[in-house]
>>> print(open('work.csv').read())   # CSV, C-alpha atoms
chain,number,residue,atom,x,y,z
M,1,MET,CA,112.8,77.7,117.4
M,2,PRO,CA,109.0,77.6,117.5
M,3,GLU,CA,108.6,75.1,114.7
M,4,ASP,CA,104.8,74.7,115.1
M,5,LEU,CA,104.3,78.2,113.9
M,6,PRO,CA,104.2,79.2,110.2
M,7,LEU,CA,107.0,81.3,108.8
M,8,LYS,CA,105.6,84.7,107.8
M,9,GLY,CA,106.9,87.8,106.0
M,10,THR,CA,105.8,91.4,105.7
M,11,THR,CA,105.8,94.4,104.4
M,12,THR,CA,105.6,94.9,100.6
M,13,VAL,CA,105.0,98.0,98.5
M,14,GLY,CA,104.4,98.7,94.7
M,15,VAL,CA,104.3,102.0,92.9
M,16,ILE,CA,103.7,102.9,89.2
M,17,PHE,CA,105.9,105.7,87.9
M,18,ASN,CA,106.3,107.4,84.6
M,19,GLY,CA,108.0,104.7,82.6
M,20,GLY,CA,107.9,101.7,85.0
M,21,VAL,CA,107.0,100.1,88.3
M,22,VAL,CA,109.0,99.9,91.5
M,23,LEU,CA,108.5,97.1,94.1
M,24,ALA,CA,109.9,97.1,97.6
M,25,ALA,CA,109.8,94.9,100.7
M,26,ASP,CA,111.5,94.4,104.0
M,27,LYS,CA,113.7,91.3,104.7
M,28,ARG,CA,112.3,89.9,108.0
M,29,ALA,CA,110.5,86.6,108.4
M,30,THR,CA,108.9,85.7,111.7
M,31,MET,CA,107.6,82.7,113.6
M,32,GLY,CA,105.3,84.2,116.2
M,33,THR,CA,107.5,86.6,118.1
M,34,PHE,CA,110.7,84.9,116.9
M,35,ILE,CA,112.7,86.5,114.1
M,36,ALA,CA,113.4,83.4,111.9
M,37,SER,CA,115.3,85.2,109.1
M,38,LYS,CA,116.8,88.6,108.3
M,39,THR,CA,117.5,87.9,104.7
M,40,VAL,CA,114.3,86.8,103.0
M,41,GLU,CA,113.8,87.9,99.4
M,42,LYS,CA,110.1,88.9,99.2
M,43,ILE,CA,110.3,90.1,95.6
M,44,GLN,CA,110.6,87.2,93.2
M,45,LEU,CA,111.3,87.7,89.5
M,46,VAL,CA,108.9,85.5,87.6
M,47,SER,CA,109.5,86.6,84.1
M,48,GLU,CA,111.7,88.9,82.0
M,49,ARG,CA,109.9,92.0,82.9
M,50,MET,CA,107.7,90.9,85.8
M,51,ALA,CA,108.0,90.4,89.5
M,52,LEU,CA,105.9,89.1,92.4
M,53,THR,CA,106.0,90.5,95.9
M,54,THR,CA,105.0,88.2,98.8
M,55,ALA,CA,103.5,88.7,102.2
M,56,GLY,CA,102.0,86.1,104.5
M,57,GLY,CA,103.1,82.4,104.7
M,58,VAL,CA,106.6,82.1,103.2
M,59,GLY,CA,106.1,78.5,102.1
M,60,ASP,CA,102.9,79.3,100.3
M,61,ALA,CA,104.3,82.3,98.6
M,62,GLN,CA,107.5,80.5,97.5
M,63,SER,CA,105.3,77.7,96.1
M,64,LEU,CA,103.1,80.1,94.2
M,65,ALA,CA,106.1,81.9,92.8
M,66,ARG,CA,107.5,78.6,91.5
M,67,ILE,CA,104.2,77.7,89.9
M,68,LEU,CA,103.8,81.1,88.3
M,69,ARG,CA,107.3,81.1,86.9
M,70,ALA,CA,106.8,77.7,85.4
M,71,GLU,CA,103.4,78.6,83.8
M,72,LEU,CA,104.9,81.8,82.3
M,73,GLU,CA,107.8,79.9,80.8
M,74,LEU,CA,105.4,77.3,79.4
M,75,TYR,CA,103.2,80.0,77.9
M,76,ARG,CA,106.2,81.6,76.2
M,77,TYR,CA,107.3,78.3,74.8
M,78,SER,CA,103.8,77.4,73.6
M,79,HIS,CA,102.8,80.8,72.2
M,80,GLY,CA,106.1,82.4,71.2
M,81,LYS,CA,105.5,85.5,73.3
M,82,VAL,CA,105.5,86.7,76.8
M,83,MET,CA,102.3,86.7,78.8
M,84,THR,CA,101.0,90.2,79.8
M,85,VAL,CA,101.1,91.3,83.5
M,86,GLN,CA,97.3,91.3,83.5
M,87,GLY,CA,97.3,87.8,82.1
M,88,ALA,CA,99.7,86.6,84.8
M,89,SER,CA,97.6,88.2,87.5
M,90,MET,CA,94.5,86.5,86.3
M,91,LEU,CA,96.3,83.1,86.0
M,92,LEU,CA,97.5,83.5,89.6
M,93,ALA,CA,94.0,84.6,90.7
M,94,ASN,CA,92.5,81.5,89.2
M,95,ILE,CA,95.0,79.3,91.1
M,96,LEU,CA,94.1,81.1,94.4
M,97,GLN,CA,90.4,80.9,93.7
M,98,GLY,CA,90.6,77.2,92.9
M,99,ASN,CA,92.2,76.6,96.3
M,100,LYS,CA,89.9,78.9,98.4
M,101,TYR,CA,88.7,76.1,100.6
M,102,PHE,CA,92.3,75.2,101.4
M,103,PRO,CA,93.8,78.6,100.8
M,104,TYR,CA,97.3,79.8,100.3
M,105,PHE,CA,97.8,82.3,103.2
M,106,VAL,CA,99.3,85.1,101.2
M,107,GLN,CA,98.9,88.6,99.9
M,108,LEU,CA,100.5,89.1,96.5
M,109,VAL,CA,101.4,92.0,94.2
M,110,ILE,CA,102.4,91.5,90.6
M,111,GLY,CA,104.2,94.3,88.9
M,112,GLY,CA,105.8,94.6,85.5
M,113,PHE,CA,106.0,96.1,82.1
M,114,ASP,CA,104.4,94.8,78.9
M,115,SER,CA,103.1,97.6,76.7
M,116,GLN,CA,103.0,99.8,79.8
M,117,PRO,CA,103.8,99.5,83.5
M,118,ARG,CA,101.1,97.5,85.4
M,119,LEU,CA,100.5,96.7,89.0
M,120,PHE,CA,98.0,94.2,90.4
M,121,ASP,CA,97.1,93.4,94.0
M,122,LEU,CA,95.8,89.9,94.8
M,123,ASP,CA,94.2,88.6,98.0
M,124,LEU,CA,94.3,85.0,99.2
M,125,PHE,CA,90.9,84.1,97.6
M,126,GLY,CA,91.9,85.3,94.1
M,127,GLY,CA,90.5,88.9,94.2
M,128,VAL,CA,92.4,91.1,91.8
M,129,LEU,CA,92.7,94.9,91.8
M,130,GLU,CA,94.7,97.0,89.4
M,131,GLU,CA,96.4,99.8,91.3
M,132,LYS,CA,98.7,102.8,90.9
M,133,TYR,CA,100.2,102.1,94.3
M,134,THR,CA,99.6,99.4,96.9
M,135,SER,CA,101.0,97.7,100.0
M,136,THR,CA,100.5,94.3,101.6
M,137,GLY,CA,101.3,92.7,104.9
M,138,SER,CA,101.0,93.7,108.6
M,139,GLY,CA,103.0,96.8,108.0
M,140,SER,CA,100.8,98.0,105.2
M,141,VAL,CA,98.6,100.1,107.5
M,142,VAL,CA,101.6,102.3,108.1
M,143,ALA,CA,102.9,102.1,104.6
M,144,PHE,CA,99.6,103.2,103.1
M,145,GLY,CA,99.7,106.4,105.1
M,146,VAL,CA,103.0,107.3,103.5
M,147,LEU,CA,101.8,106.3,100.0
M,148,ASP,CA,98.6,108.2,100.3
M,149,ASP,CA,100.4,111.3,101.3
M,150,GLY,CA,103.3,111.0,98.8
M,151,TYR,CA,102.0,109.5,95.6
M,152,ARG,CA,101.2,111.5,92.5
M,153,ASP,CA,100.6,110.7,88.9
M,154,GLY,CA,103.6,111.2,86.6
M,155,MET,CA,106.3,110.5,89.3
M,156,ASN,CA,109.8,109.8,87.9
M,157,GLN,CA,111.8,106.8,88.9
M,158,ASP,CA,113.9,108.5,91.6
M,159,GLU,CA,110.7,109.9,93.2
M,160,ALA,CA,109.1,106.5,93.2
M,161,VAL,CA,112.1,104.8,94.7
M,162,LYS,CA,112.3,107.4,97.5
M,163,LEU,CA,108.6,106.9,98.2
M,164,VAL,CA,108.6,103.1,98.5
M,165,VAL,CA,111.7,103.2,100.6
M,166,LYS,CA,110.1,105.8,102.9
M,167,ALA,CA,106.9,103.6,103.1
M,168,VAL,CA,108.7,100.4,104.1
M,169,ARG,CA,111.0,102.2,106.5
M,170,ALA,CA,107.9,103.7,108.2
M,171,ALA,CA,106.5,100.2,108.6
M,172,ILE,CA,109.7,99.0,110.1
M,173,LYS,CA,109.4,101.7,112.8
M,174,ARG,CA,105.9,100.6,113.8
M,175,ASP,CA,105.4,96.9,112.9
M,176,SER,CA,107.4,94.3,114.8
M,177,ALA,CA,107.1,91.8,111.9
M,178,THR,CA,108.8,94.1,109.5
M,179,GLY,CA,112.5,94.8,109.5
M,180,GLU,CA,116.1,94.2,108.4
M,181,GLY,CA,116.3,96.8,105.6
M,182,VAL,CA,114.6,97.4,102.3
M,183,ASP,CA,114.8,95.4,99.1
M,184,VAL,CA,113.9,97.3,95.9
M,185,ILE,CA,113.4,96.2,92.3
M,186,VAL,CA,112.8,98.7,89.4
M,187,ILE,CA,111.2,97.4,86.2
M,188,THR,CA,111.1,99.4,83.0
M,189,LYS,CA,110.6,98.7,79.3
M,190,ASP,CA,114.3,98.1,78.9
M,191,SER,CA,115.6,96.7,82.2
M,192,VAL,CA,115.0,95.0,85.6
M,193,LYS,CA,117.3,96.2,88.3
M,194,ARG,CA,117.6,95.2,92.0
M,195,LEU,CA,119.0,98.2,93.8
M,196,LYS,CA,122.0,97.9,96.1
M,197,GLU,CA,121.8,98.6,99.8
M,198,SER,CA,123.8,101.8,99.2
M,199,GLU,CA,121.2,103.0,96.7
M,200,THR,CA,118.2,102.3,98.9
M,201,ALA,CA,120.0,103.9,101.9
M,202,ALA,CA,120.5,107.0,99.7
M,203,GLY,CA,116.9,107.0,98.8
M,204,ALA,CA,115.9,106.8,102.5
M,205,ALA,CA,118.2,109.7,103.3
M,206,LYS,CA,116.7,111.9,100.6
M,207,ALA,CA,113.1,110.9,101.6
M,208,ALA,CA,113.7,111.8,105.3
>>> encode(input="work.csv", output="structure tokens")
Amino acid sequence: MPEDLPLKGTTTVGVIFNGGVVLAADKRATMGTFIASKTVEKIQLVSERMALTTAGGVGDAQSLARILRAELELYRYSHGKVMTVQGASMLLANILQGNKYFPYFVQLVIGGFDSQPRLFDLDLFGGVLEEKYTSTGSGSVVAFGVLDDGYRDGMNQDEAVKLVVKAVRAAIKRDSATGEGVDVIVITKDSVKRLKESETAAGAAKAA
């Protein structure tokens, strides 16, 4: 195993739909040309109605997910309420900005539901953009083509799931660092659900 190379992961996608947000990612992690893992979870739940997608350095991303999870729990304990998705995004952006001279090599997406579904894209230097749909990682160039063509305002949950699955599967076909299937989490006002493989496979079949 090429241990001198960083462990990296791609591709992730996020989409706002009417009533929630859906996040998706592939499951492959690579070290150079070596496939180091086929079961990486690139979507990390960080709060009751909030999740973080990770692309880039796996170690950096996992560390940031742990920090954010702890900060959100501390905020809930101290203030008696859950931090908003925008607040969590700005908190994470400040952490990234504070480390810009020794950066975390990551691209992150935070999606969740507070008073409404929200989706934020963060770069490694702490830049934050609120989006209706977005993608990160080396396969994002391909995924964005699918998202640009297929996204529309007011999509329902099924349509959004089909779209993110189609986007990640398109990246799998063209990006060697993306592969091993699609992981999908749906967040609404009332629930957080990680879809089963059979459900994402059905979504891919309908989207084809």
>>> closest_residue(input="work.csv", among="M:Ala55, M:Ile16, M:Val128, M:Val142", to="Lys166 (chain M)", atoms="only C-alpha atoms")
M:Val142
>>> atom_distance(input="work.csv", atom1="CA of Leu129 (chain M)", atom2="CA of Arg28 (chain M)")
25.9 Å
>>> closest_atom_pairs(input="work.csv", of="region 49-78 of chain M", to="region 191-199 of chain M", cutoff="10 Å", atoms="all atoms listed in the file", output="JSON lines")
{"residue": "M:Arg49", "atom": "CA", "partner": "M:Val192", "partner_atom": "CA", "distance": 6.5}
{"residue": "M:Met50", "atom": "CA", "partner": "M:Val192", "partner_atom": "CA", "distance": 8.4}
{"residue": "M:Ala51", "atom": "CA", "partner": "M:Val192", "partner_atom": "CA", "distance": 9.2}
>>> residues_around(input="work.csv", residues="Ala70 (chain M)", least_positions_apart="4", cutoff="12 Å", atoms="all atoms listed in the file", output="JSON, numbers by chain")
{"M": [45, 46, 47, 63, 64, 65, 66, 74, 75, 76, 77, 88, 91, 92]}
>>> atom_distance(input="work.csv", atom1="CA of Leu23 (chain M)", atom2="CA of Val182 (chain M)")
10.2 Å
>>> atom_distance(input="work.csv", atom1="CA of Gly126 (chain M)", atom2="CA of Ala170 (chain M)")
28.2 Å
>>> residues_near_point(input="work.csv", point="(105.4, 91.7, 95.6)", cutoff="6 Å", atoms="only C-alpha atoms", output="list in words")
Thr12, Ile43, Leu52, Thr53, Thr54, Leu108, Val109 and Ile110 of chain M
>>> closest_residue(input="work.csv", among="M:Ala143, M:Met31, M:Val186, M:Ile172", to="Ala160 (chain M)", atoms="only C-alpha atoms")
M:Val186
>>> residues_around(input="work.csv", residues="Met155 (chain M)", least_positions_apart="3", cutoff="12 Å", atoms="only C-alpha atoms", output="ChimeraX atom specification")
/M:15-22,132-133,150-152,158-163
>>> closest_residue(input="work.csv", among="M:Met83, M:Leu96, M:Ile187, M:Ala177", to="Ala36 (chain M)", atoms="only C-alpha atoms")
M:Ala177
>>> residues_around(input="work.csv", residues="Ser135 (chain M)", least_positions_apart="4", cutoff="8 Å", atoms="only C-alpha atoms", output="VMD selection string")
chain M and resid 11 to 14 140 143 to 144
>>> closest_residue(input="work.csv", among="M:Lys42, M:Val184, M:Thr33, M:Ser176", to="Val164 (chain M)", atoms="all atoms listed in the file")
M:Val184
>>> closest_residue(input="work.csv", among="M:Val40, M:Ala167, M:Val106, M:Leu72", to="Gly87 (chain M)", atoms="all atoms listed in the file")
M:Leu72
>>> closest_residue(input="work.csv", among="M:Thr188, M:Val146, M:Ala24, M:Glu48", to="Val82 (chain M)", atoms="only C-alpha atoms")
M:Glu48
>>> decode(input="work.csv", residues="region 146-159 of chain M", atoms="all heavy atoms", output="compact mmCIF listing (two decimals), in the first residue's frame")
# COMPACT_ATOMS: atom_id res chain seq x y z
N VAL M 146 -24.88 16.91 -14.99
CA VAL M 146 -26.16 16.25 -14.75
C VAL M 146 -27.07 17.16 -13.92
O VAL M 146 -28.27 17.30 -14.21
CB VAL M 146 -25.96 14.91 -14.03
CG1 VAL M 146 -27.29 14.27 -13.66
CG2 VAL M 146 -25.13 13.96 -14.90
N LEU M 147 -26.51 17.80 -12.89
CA LEU M 147 -27.30 18.67 -12.03
C LEU M 147 -27.82 19.89 -12.79
O LEU M 147 -28.98 20.28 -12.64
CB LEU M 147 -26.46 19.12 -10.83
CG LEU M 147 -26.03 18.03 -9.85
CD1 LEU M 147 -25.04 18.59 -8.83
CD2 LEU M 147 -27.23 17.42 -9.14
N ASP M 148 -26.96 20.51 -13.58
CA ASP M 148 -27.37 21.68 -14.35
C ASP M 148 -28.53 21.35 -15.29
O ASP M 148 -29.44 22.15 -15.48
CB ASP M 148 -26.20 22.23 -15.18
CG ASP M 148 -25.16 22.94 -14.34
OD1 ASP M 148 -25.48 23.36 -13.21
OD2 ASP M 148 -24.01 23.06 -14.79
N ASP M 149 -28.46 20.16 -15.87
CA ASP M 149 -29.49 19.76 -16.83
C ASP M 149 -30.78 19.33 -16.15
O ASP M 149 -31.87 19.57 -16.67
CB ASP M 149 -28.95 18.60 -17.69
CG ASP M 149 -29.93 18.19 -18.76
OD1 ASP M 149 -30.26 19.04 -19.62
OD2 ASP M 149 -30.37 17.02 -18.75
N GLY M 150 -30.67 18.71 -14.95
CA GLY M 150 -31.84 18.08 -14.35
C GLY M 150 -32.50 18.83 -13.21
O GLY M 150 -33.65 18.51 -12.86
N TYR M 151 -31.82 19.81 -12.62
CA TYR M 151 -32.40 20.47 -11.45
C TYR M 151 -33.47 21.47 -11.84
O TYR M 151 -33.36 22.19 -12.84
CB TYR M 151 -31.34 21.22 -10.64
CG TYR M 151 -31.94 21.86 -9.41
CD1 TYR M 151 -32.17 21.14 -8.26
CD2 TYR M 151 -32.34 23.21 -9.44
CE1 TYR M 151 -32.76 21.72 -7.14
CE2 TYR M 151 -32.93 23.79 -8.33
CZ TYR M 151 -33.14 23.04 -7.18
OH TYR M 151 -33.74 23.61 -6.10
N ARG M 152 -34.53 21.55 -11.03
CA ARG M 152 -35.54 22.60 -11.17
C ARG M 152 -36.09 22.92 -9.79
O ARG M 152 -36.10 22.08 -8.88
CB ARG M 152 -36.67 22.17 -12.11
CG ARG M 152 -37.44 20.95 -11.65
CD ARG M 152 -38.56 20.61 -12.60
NE ARG M 152 -39.27 19.41 -12.17
CZ ARG M 152 -40.17 19.35 -11.20
NH1 ARG M 152 -40.47 20.47 -10.53
NH2 ARG M 152 -40.76 18.23 -10.87
N ASP M 153 -36.54 24.14 -9.60
CA ASP M 153 -37.15 24.54 -8.34
C ASP M 153 -38.43 23.75 -8.10
O ASP M 153 -39.18 23.45 -9.04
CB ASP M 153 -37.49 26.04 -8.36
CG ASP M 153 -36.25 26.91 -8.30
OD1 ASP M 153 -35.24 26.46 -7.72
OD2 ASP M 153 -36.29 28.03 -8.84
N GLY M 154 -38.67 23.41 -6.83
CA GLY M 154 -39.91 22.72 -6.47
C GLY M 154 -39.89 21.23 -6.71
O GLY M 154 -40.96 20.59 -6.72
N MET M 155 -38.72 20.63 -6.91
CA MET M 155 -38.64 19.18 -7.09
C MET M 155 -39.17 18.48 -5.84
O MET M 155 -38.99 18.96 -4.72
CB MET M 155 -37.19 18.75 -7.32
CG MET M 155 -36.55 19.29 -8.56
SD MET M 155 -34.83 18.76 -8.72
CE MET M 155 -35.06 17.05 -9.22
N ASN M 156 -39.79 17.31 -6.02
CA ASN M 156 -40.18 16.52 -4.86
C ASN M 156 -39.04 15.60 -4.45
O ASN M 156 -37.99 15.54 -5.11
CB ASN M 156 -41.48 15.75 -5.11
CG ASN M 156 -41.36 14.72 -6.23
OD1 ASN M 156 -40.32 14.09 -6.39
ND2 ASN M 156 -42.43 14.53 -6.99
N GLN M 157 -39.23 14.88 -3.36
CA GLN M 157 -38.15 14.06 -2.81
C GLN M 157 -37.69 12.98 -3.79
O GLN M 157 -36.49 12.78 -3.98
CB GLN M 157 -38.60 13.41 -1.50
CG GLN M 157 -37.53 12.52 -0.87
CD GLN M 157 -37.95 11.98 0.48
OE1 GLN M 157 -38.52 12.69 1.30
NE2 GLN M 157 -37.68 10.71 0.73
N ASP M 158 -38.63 12.28 -4.40
CA ASP M 158 -38.26 11.21 -5.33
C ASP M 158 -37.45 11.75 -6.50
O ASP M 158 -36.45 11.14 -6.92
CB ASP M 158 -39.51 10.51 -5.85
CG ASP M 158 -40.15 9.60 -4.81
OD1 ASP M 158 -39.48 9.29 -3.80
OD2 ASP M 158 -41.31 9.20 -5.00
N GLU M 159 -37.86 12.89 -7.02
CA GLU M 159 -37.13 13.50 -8.15
C GLU M 159 -35.72 13.89 -7.73
O GLU M 159 -34.76 13.70 -8.50
CB GLU M 159 -37.90 14.71 -8.65
CG GLU M 159 -39.20 14.38 -9.35
CD GLU M 159 -40.06 15.60 -9.64
OE1 GLU M 159 -39.96 16.59 -8.86
OE2 GLU M 159 -40.81 15.58 -10.63
